[in-house]
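Asker: Could you have a look at this structure, given as structure tokens, before my questions?
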Amino acid sequence: MKLALHKVASFICLNIAIVCFMKYLLKVVLLFVIIGFAAMWQLQNAVYNSGPLIETKSIVVGKGANSHSLGDELQTQGIIKSALLFRLLSRLHGADKTLKAGEYEFNAGESLFEVMQKISQGDVVYRKI
């Protein structure tokens, strides 16, 4: 009888330990989900919200420019906030393979996504001679 009671008590303790572990695991998973949503929200804001440019600015993209050098130049000129984010976004959208040379004019507040689209679609400035 004592042996059976001891087995039942061990079984109950094991179940309690499993339940405690599952609660802990659920909290950890929930924390990662919340962090993931917060990161996605921040990323979406960084990509689609207005950029740092406060007045219209033009730059010339040379033939053979890549997303790395172009991102650095756009950040240096104050057109975008993050060269790294420009490179990642260009790669995700396949725009890193379709960057077009030419002169581009960027308006105040253009988002990172708009800047990337403009360059990948070749929306260059045309001047009358």
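Chain labels A, B, ... are given in the sequence in which chains occur in the structure tokens; within each chain residues are numbered consecutively from 1, and ligands are likewise numbered from 1 in the order shown.
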For stretch 67-78 of chain A, please output as an mmCIF file with N, CA, C and O atoms, in the first residue's frame all residues within 12 Å (counting only C-alpha atoms; exclusion window: fewer than 2 positions along the same chain).

Answerer:
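Full text of selection-v5.cif as output:
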data_model
loop_
_atom_site.group_PDB
_atom_site.id
_atom_site.type_symbol
_atom_site.label_atom_id
_atom_site.label_comp_id
_atom_site.auth_asym_id
_atom_site.auth_seq_id
_atom_site.Cartn_x
_atom_site.Cartn_y
_atom_site.Cartn_z
ATOM 1 N N GLY A 51 10.515 59.681 -44.800
ATOM 2 C CA GLY A 51 11.955 59.656 -44.605
ATOM 3 C C GLY A 51 12.466 60.953 -44.009
ATOM 4 O O GLY A 51 11.709 61.895 -43.775
ATOM 5 N N PRO A 52 13.776 61.037 -43.794
ATOM 6 C CA PRO A 52 14.369 62.186 -43.107
ATOM 7 C C PRO A 52 14.564 63.424 -43.975
ATOM 8 O O PRO A 52 14.840 64.496 -43.457
ATOM 9 N N LEU A 53 14.421 63.295 -45.285
ATOM 10 C CA LEU A 53 14.698 64.410 -46.187
ATOM 11 C C LEU A 53 13.694 65.537 -45.962
ATOM 12 O O LEU A 53 12.485 65.307 -45.939
ATOM 13 N N ILE A 54 14.206 66.765 -45.805
ATOM 14 C CA ILE A 54 13.313 67.899 -45.543
ATOM 15 C C ILE A 54 13.154 68.825 -46.740
ATOM 16 O O ILE A 54 12.294 69.690 -46.744
ATOM 17 N N GLU A 55 13.975 68.645 -47.772
ATOM 18 C CA GLU A 55 13.814 69.423 -49.010
ATOM 19 C C GLU A 55 14.223 68.542 -50.184
ATOM 20 O O GLU A 55 14.965 67.583 -50.024
ATOM 21 N N THR A 56 13.730 68.882 -51.348
ATOM 22 C CA THR A 56 14.016 68.100 -52.546
ATOM 23 C C THR A 56 15.516 68.045 -52.804
ATOM 24 O O THR A 56 16.211 69.043 -52.659
ATOM 25 N N LYS A 57 15.979 66.840 -53.164
ATOM 26 C CA LYS A 57 17.407 66.643 -53.400
ATOM 27 C C LYS A 57 17.585 65.690 -54.575
ATOM 28 O O LYS A 57 16.830 64.746 -54.741
ATOM 29 N N SER A 58 18.604 65.966 -55.397
ATOM 30 C CA SER A 58 18.918 65.101 -56.533
ATOM 31 C C SER A 58 20.262 64.418 -56.315
ATOM 32 O O SER A 58 21.174 65.007 -55.748
ATOM 33 N N ILE A 59 20.354 63.177 -56.783
ATOM 34 C CA ILE A 59 21.635 62.478 -56.805
ATOM 35 C C ILE A 59 21.760 61.748 -58.131
ATOM 36 O O ILE A 59 20.769 61.470 -58.791
ATOM 37 N N VAL A 60 22.992 61.462 -58.488
ATOM 38 C CA VAL A 60 23.259 60.715 -59.716
ATOM 39 C C VAL A 60 23.717 59.315 -59.324
ATOM 40 O O VAL A 60 24.643 59.156 -58.546
ATOM 41 N N VAL A 61 23.039 58.334 -59.888
ATOM 42 C CA VAL A 61 23.407 56.936 -59.673
ATOM 43 C C VAL A 61 24.201 56.498 -60.891
ATOM 44 O O VAL A 61 23.707 56.546 -62.017
ATOM 45 N N GLY A 62 25.439 56.104 -60.652
ATOM 46 C CA GLY A 62 26.304 55.692 -61.751
ATOM 47 C C GLY A 62 25.973 54.296 -62.255
ATOM 48 O O GLY A 62 25.378 53.484 -61.546
ATOM 49 N N LYS A 63 26.404 54.034 -63.479
ATOM 50 C CA LYS A 63 26.197 52.714 -64.072
ATOM 51 C C LYS A 63 26.963 51.681 -63.239
ATOM 52 O O LYS A 63 28.098 51.903 -62.833
ATOM 53 N N GLY A 64 26.335 50.568 -62.959
ATOM 54 C CA GLY A 64 26.967 49.511 -62.192
ATOM 55 C C GLY A 64 26.878 49.687 -60.690
ATOM 56 O O GLY A 64 27.457 48.905 -59.942
ATOM 57 N N ALA A 65 26.166 50.706 -60.238
ATOM 58 C CA ALA A 65 26.023 50.919 -58.791
ATOM 59 C C ALA A 65 25.271 49.739 -58.177
ATOM 60 O O ALA A 65 24.361 49.187 -58.780
ATOM 61 N N ILE A 80 17.747 58.730 -46.867
ATOM 62 C CA ILE A 80 17.220 57.618 -46.075
ATOM 63 C C ILE A 80 17.936 57.600 -44.720
ATOM 64 O O ILE A 80 19.001 58.192 -44.575
ATOM 65 N N LYS A 81 17.349 56.894 -43.759
ATOM 66 C CA LYS A 81 17.952 56.805 -42.423
ATOM 67 C C LYS A 81 18.945 55.660 -42.307
ATOM 68 O O LYS A 81 19.901 55.749 -41.567
ATOM 69 N N SER A 82 18.700 54.553 -43.027
ATOM 70 C CA SER A 82 19.504 53.358 -42.830
ATOM 71 C C SER A 82 19.917 52.713 -44.141
ATOM 72 O O SER A 82 19.065 52.234 -44.892
ATOM 73 N N ALA A 83 21.224 52.704 -44.391
ATOM 74 C CA ALA A 83 21.745 52.033 -45.588
ATOM 75 C C ALA A 83 21.518 50.527 -45.495
ATOM 76 O O ALA A 83 21.194 49.877 -46.486
ATOM 77 N N LEU A 84 21.665 49.984 -44.303
ATOM 78 C CA LEU A 84 21.466 48.547 -44.111
ATOM 79 C C LEU A 84 20.036 48.146 -44.442
ATOM 80 O O LEU A 84 19.804 47.164 -45.151
ATOM 81 N N LEU A 85 19.092 48.913 -43.979
ATOM 82 C CA LEU A 85 17.692 48.618 -44.265
ATOM 83 C C LEU A 85 17.408 48.760 -45.759
ATOM 84 O O LEU A 85 16.637 47.978 -46.319
ATOM 85 N N PHE A 86 18.037 49.722 -46.419
ATOM 86 C CA PHE A 86 17.879 49.870 -47.862
ATOM 87 C C PHE A 86 18.377 48.617 -48.579
ATOM 88 O O PHE A 86 17.723 48.101 -49.485
ATOM 89 N N ARG A 87 19.549 48.124 -48.181
ATOM 90 C CA ARG A 87 20.102 46.916 -48.806
ATOM 91 C C ARG A 87 19.189 45.710 -48.588
ATOM 92 O O ARG A 87 18.928 44.940 -49.510
ATOM 93 N N LEU A 88 18.710 45.546 -47.355
ATOM 94 C CA LEU A 88 17.829 44.409 -47.058
ATOM 95 C C LEU A 88 16.520 44.497 -47.833
ATOM 96 O O LEU A 88 16.066 43.503 -48.412
ATOM 97 N N LEU A 89 15.926 45.672 -47.863
ATOM 98 C CA LEU A 89 14.667 45.861 -48.574
ATOM 99 C C LEU A 89 14.864 45.645 -50.074
ATOM 100 O O LEU A 89 14.041 45.003 -50.725
ATOM 101 N N SER A 90 15.966 46.150 -50.613
ATOM 102 C CA SER A 90 16.253 45.962 -52.038
ATOM 103 C C SER A 90 16.401 44.488 -52.375
ATOM 104 O O SER A 90 15.908 44.018 -53.394
ATOM 105 N N ARG A 91 17.074 43.761 -51.494
ATOM 106 C CA ARG A 91 17.262 42.326 -51.736
ATOM 107 C C ARG A 91 15.939 41.574 -51.632
ATOM 108 O O ARG A 91 15.638 40.708 -52.453
ATOM 109 N N LEU A 92 15.129 41.902 -50.627
ATOM 110 C CA LEU A 92 13.842 41.228 -50.453
ATOM 111 C C LEU A 92 12.913 41.432 -51.640
ATOM 112 O O LEU A 92 12.173 40.527 -52.022
ATOM 113 N N HIS A 93 12.949 42.615 -52.222
ATOM 114 C CA HIS A 93 12.068 42.929 -53.353
ATOM 115 C C HIS A 93 12.721 42.646 -54.708
ATOM 116 O O HIS A 93 12.115 42.898 -55.744
ATOM 117 N N GLY A 94 13.964 42.179 -54.697
ATOM 118 C CA GLY A 94 14.656 41.896 -55.948
ATOM 119 C C GLY A 94 15.126 43.152 -56.657
ATOM 120 O O GLY A 94 15.587 43.095 -57.793
ATOM 121 N N ALA A 95 15.017 44.286 -55.998
ATOM 122 C CA ALA A 95 15.391 45.558 -56.613
ATOM 123 C C ALA A 95 16.903 45.714 -56.697
ATOM 124 O O ALA A 95 17.395 46.521 -57.487
ATOM 125 N N ASP A 96 17.646 44.955 -55.909
ATOM 126 C CA ASP A 96 19.111 45.065 -55.940
ATOM 127 C C ASP A 96 19.670 44.631 -57.293
ATOM 128 O O ASP A 96 20.776 44.998 -57.652
ATOM 129 N N LYS A 97 18.889 43.898 -58.063
ATOM 130 C CA LYS A 97 19.332 43.454 -59.389
ATOM 131 C C LYS A 97 18.799 44.349 -60.510
ATOM 132 O O LYS A 97 19.164 44.181 -61.658
ATOM 133 N N THR A 98 17.930 45.315 -60.159
ATOM 134 C CA THR A 98 17.316 46.150 -61.188
ATOM 135 C C THR A 98 17.577 47.636 -60.983
ATOM 136 O O THR A 98 16.850 48.471 -61.520
ATOM 137 N N LEU A 99 18.594 47.982 -60.202
ATOM 138 C CA LEU A 99 18.904 49.400 -59.983
ATOM 139 C C LEU A 99 19.333 50.033 -61.294
ATOM 140 O O LEU A 99 20.158 49.486 -62.015
ATOM 141 N N LYS A 100 18.786 51.187 -61.599
ATOM 142 C CA LYS A 100 19.042 51.853 -62.873
ATOM 143 C C LYS A 100 19.876 53.117 -62.660
ATOM 144 O O LYS A 100 19.645 53.878 -61.745
ATOM 145 N N ALA A 101 20.832 53.302 -63.548
ATOM 146 C CA ALA A 101 21.670 54.499 -63.509
ATOM 147 C C ALA A 101 20.864 55.707 -63.966
ATOM 148 O O ALA A 101 19.906 55.579 -64.725
ATOM 149 N N TYR A 104 18.302 61.103 -60.148
ATOM 150 C CA TYR A 104 17.028 60.940 -59.443
ATOM 151 C C TYR A 104 16.780 62.126 -58.544
ATOM 152 O O TYR A 104 17.691 62.649 -57.923
ATOM 153 N N GLU A 105 15.516 62.520 -58.505
ATOM 154 C CA GLU A 105 15.121 63.616 -57.631
ATOM 155 C C GLU A 105 14.208 63.045 -56.551
ATOM 156 O O GLU A 105 13.226 62.367 -56.853
ATOM 157 N N PHE A 106 14.566 63.310 -55.310
ATOM 158 C CA PHE A 106 13.789 62.807 -54.181
ATOM 159 C C PHE A 106 13.131 63.974 -53.465
ATOM 160 O O PHE A 106 13.770 64.968 -53.164
ATOM 161 N N ASN A 107 11.846 63.839 -53.222
ATOM 162 C CA ASN A 107 11.078 64.881 -52.556
ATOM 163 C C ASN A 107 11.157 64.703 -51.046
ATOM 164 O O ASN A 107 11.421 63.612 -50.543
ATOM 165 N N ALA A 108 10.914 65.768 -50.341
ATOM 166 C CA ALA A 108 10.927 65.733 -48.870
ATOM 167 C C ALA A 108 9.964 64.668 -48.363
ATOM 168 O O ALA A 108 8.844 64.548 -48.856
ATOM 169 N N GLY A 109 10.437 63.895 -47.402
ATOM 170 C CA GLY A 109 9.586 62.919 -46.746
ATOM 171 C C GLY A 109 9.340 61.626 -47.492
ATOM 172 O O GLY A 109 8.538 60.815 -47.047
ATOM 173 N N GLU A 110 10.007 61.408 -48.615
ATOM 174 C CA GLU A 110 9.792 60.142 -49.327
ATOM 175 C C GLU A 110 10.251 58.988 -48.452
ATOM 176 O O GLU A 110 11.310 59.038 -47.833
ATOM 177 N N SER A 111 9.440 57.938 -48.423
ATOM 178 C CA SER A 111 9.764 56.788 -47.585
ATOM 179 C C SER A 111 10.887 55.966 -48.218
ATOM 180 O O SER A 111 11.197 56.108 -49.405
ATOM 181 N N LEU A 112 11.471 55.107 -47.425
ATOM 182 C CA LEU A 112 12.522 54.213 -47.901
ATOM 183 C C LEU A 112 12.004 53.358 -49.055
ATOM 184 O O LEU A 112 12.698 53.163 -50.054
ATOM 185 N N VAL A 115 11.791 55.458 -52.242
ATOM 186 C CA VAL A 115 13.132 55.701 -52.774
ATOM 187 C C VAL A 115 13.615 54.467 -53.528
ATOM 188 O O VAL A 115 14.102 54.554 -54.656
ATOM 189 N N MET A 116 13.465 53.288 -52.909
ATOM 190 C CA MET A 116 13.893 52.051 -53.544
ATOM 191 C C MET A 116 13.137 51.815 -54.846
ATOM 192 O O MET A 116 13.726 51.475 -55.865
ATOM 193 N N ILE A 119 14.299 54.135 -57.785
ATOM 194 C CA ILE A 119 15.576 53.765 -58.394
ATOM 195 C C ILE A 119 15.467 52.447 -59.159
ATOM 196 O O ILE A 119 16.046 52.300 -60.237
ATOM 197 N N SER A 120 14.712 51.504 -58.656
ATOM 198 C CA SER A 120 14.610 50.217 -59.347
ATOM 199 C C SER A 120 13.738 50.310 -60.595
ATOM 200 O O SER A 120 13.911 49.538 -61.533
#

Asker: Based on the backbone DSSP call, show me all residues of stretch 50-119 of chain A assigned helix (DSSP H, G or I), as a ChimeraX atom specification.

Answerer: /A:67-76,83-93,95-97,112-119

Asker: Quick one, how far is atom CA of A:Val47 from atom CA of A:Val124?

Answerer: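 Distance reported for this atom pair: 21.4 Å.
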
Asker: Here is a test: counting only C-alpha atoms, which residue of A:Gln42, A:Ser10, A:Asn15, A:Ser50 is nearest to A:Phe113?

Answerer: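 Answer, going by the shortest atom-to-atom distance: A:Ser50.
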
Asker: Report the distance between atom CA of A:Phe32 and atom CA of A:Ala17 in Å, rounded to one decimal place.

Answerer: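 Answer for the atom CA of A:Phe32 to atom CA of A:Ala17 separation: 22.7 Å.
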
Asker: Rank nothing, just name the residue among A:Phe11, A:Ala46, A:Ile129, A:Leu25 nearest to A:Glu114, using only C-alpha atoms.

Answerer: A:Ala46

Asker: What does the distance from atom CA of A:Glu103 to atom CA of A:Asn66 come to in Å, to one decimal?

Answerer: 15.1 Å

Asker: Would you give me, as a list in words, the residues in chain A that DSSP reads as strand (DSSP E or B)?

Answerer: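 Output for chain A, strand (DSSP E or B) only: Lys57, Ser58, Ile59, Val60, Val61, Gly102, Glu103, Tyr104, Glu105 and Phe106 of chain A.
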
Asker: Could you please take those selected residues and save all heavy atoms as a short mmCIF file (atom, residue, chain, number, x, y, z; two decimals), in the first residue's frame?

Answerer:
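Contents of result-v2.cif, freshly written:
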data_model
loop_
_atom_site.label_atom_id
_atom_site.label_comp_id
_atom_site.auth_asym_id
_atom_site.auth_seq_id
_atom_site.Cartn_x
_atom_site.Cartn_y
_atom_site.Cartn_z
N LYS A 57 15.98 66.84 -53.16
CA LYS A 57 17.41 66.64 -53.40
C LYS A 57 17.58 65.69 -54.57
O LYS A 57 16.83 64.75 -54.74
CB LYS A 57 18.07 66.07 -52.15
CG LYS A 57 19.58 65.98 -52.25
CD LYS A 57 20.18 65.46 -50.96
CE LYS A 57 20.57 66.66 -50.12
NZ LYS A 57 21.36 66.28 -48.95
N SER A 58 18.60 65.97 -55.40
CA SER A 58 18.92 65.10 -56.53
C SER A 58 20.26 64.42 -56.32
O SER A 58 21.17 65.01 -55.75
CB SER A 58 19.01 65.92 -57.82
OG SER A 58 17.76 66.47 -58.14
N ILE A 59 20.35 63.18 -56.78
CA ILE A 59 21.64 62.48 -56.81
C ILE A 59 21.76 61.75 -58.13
O ILE A 59 20.77 61.47 -58.79
CB ILE A 59 21.81 61.47 -55.64
CG1 ILE A 59 20.82 60.32 -55.76
CG2 ILE A 59 21.71 62.13 -54.30
CD1 ILE A 59 21.23 59.12 -54.92
N VAL A 60 22.99 61.46 -58.49
CA VAL A 60 23.26 60.72 -59.72
C VAL A 60 23.72 59.32 -59.32
O VAL A 60 24.64 59.16 -58.55
CB VAL A 60 24.34 61.42 -60.58
CG1 VAL A 60 24.69 60.57 -61.79
CG2 VAL A 60 23.85 62.80 -61.00
N VAL A 61 23.04 58.33 -59.89
CA VAL A 61 23.41 56.94 -59.67
C VAL A 61 24.20 56.50 -60.89
O VAL A 61 23.71 56.55 -62.02
CB VAL A 61 22.15 56.05 -59.49
CG1 VAL A 61 22.54 54.58 -59.39
CG2 VAL A 61 21.35 56.50 -58.29
N GLY A 102 21.27 56.88 -63.50
CA GLY A 102 20.61 58.10 -63.92
C GLY A 102 20.56 59.10 -62.77
O GLY A 102 21.05 58.86 -61.68
N GLU A 103 19.94 60.25 -63.07
CA GLU A 103 19.76 61.27 -62.04
C GLU A 103 18.36 61.13 -61.46
O GLU A 103 17.38 61.05 -62.19
CB GLU A 103 19.94 62.67 -62.63
CG GLU A 103 19.80 63.75 -61.58
CD GLU A 103 19.95 65.16 -62.16
OE1 GLU A 103 20.26 65.30 -63.35
OE2 GLU A 103 19.75 66.11 -61.39
N TYR A 104 18.30 61.10 -60.15
CA TYR A 104 17.03 60.94 -59.44
C TYR A 104 16.78 62.13 -58.54
O TYR A 104 17.69 62.65 -57.92
CB TYR A 104 17.04 59.66 -58.60
CG TYR A 104 17.09 58.41 -59.44
CD1 TYR A 104 18.31 57.85 -59.80
CD2 TYR A 104 15.93 57.80 -59.87
CE1 TYR A 104 18.36 56.72 -60.59
CE2 TYR A 104 15.97 56.67 -60.66
CZ TYR A 104 17.19 56.13 -61.00
OH TYR A 104 17.24 55.01 -61.79
N GLU A 105 15.52 62.52 -58.51
CA GLU A 105 15.12 63.62 -57.63
C GLU A 105 14.21 63.04 -56.55
O GLU A 105 13.23 62.37 -56.85
CB GLU A 105 14.38 64.68 -58.43
CG GLU A 105 14.04 65.91 -57.63
CD GLU A 105 13.44 66.99 -58.51
OE1 GLU A 105 14.23 67.73 -59.13
OE2 GLU A 105 12.20 67.07 -58.58
N PHE A 106 14.57 63.31 -55.31
CA PHE A 106 13.79 62.81 -54.18
C PHE A 106 13.13 63.97 -53.47
O PHE A 106 13.77 64.97 -53.16
CB PHE A 106 14.69 62.03 -53.22
CG PHE A 106 15.34 60.85 -53.89
CD1 PHE A 106 16.65 60.93 -54.31
CD2 PHE A 106 14.62 59.69 -54.13
CE1 PHE A 106 17.25 59.86 -54.95
CE2 PHE A 106 15.21 58.62 -54.76
CZ PHE A 106 16.53 58.70 -55.17
#
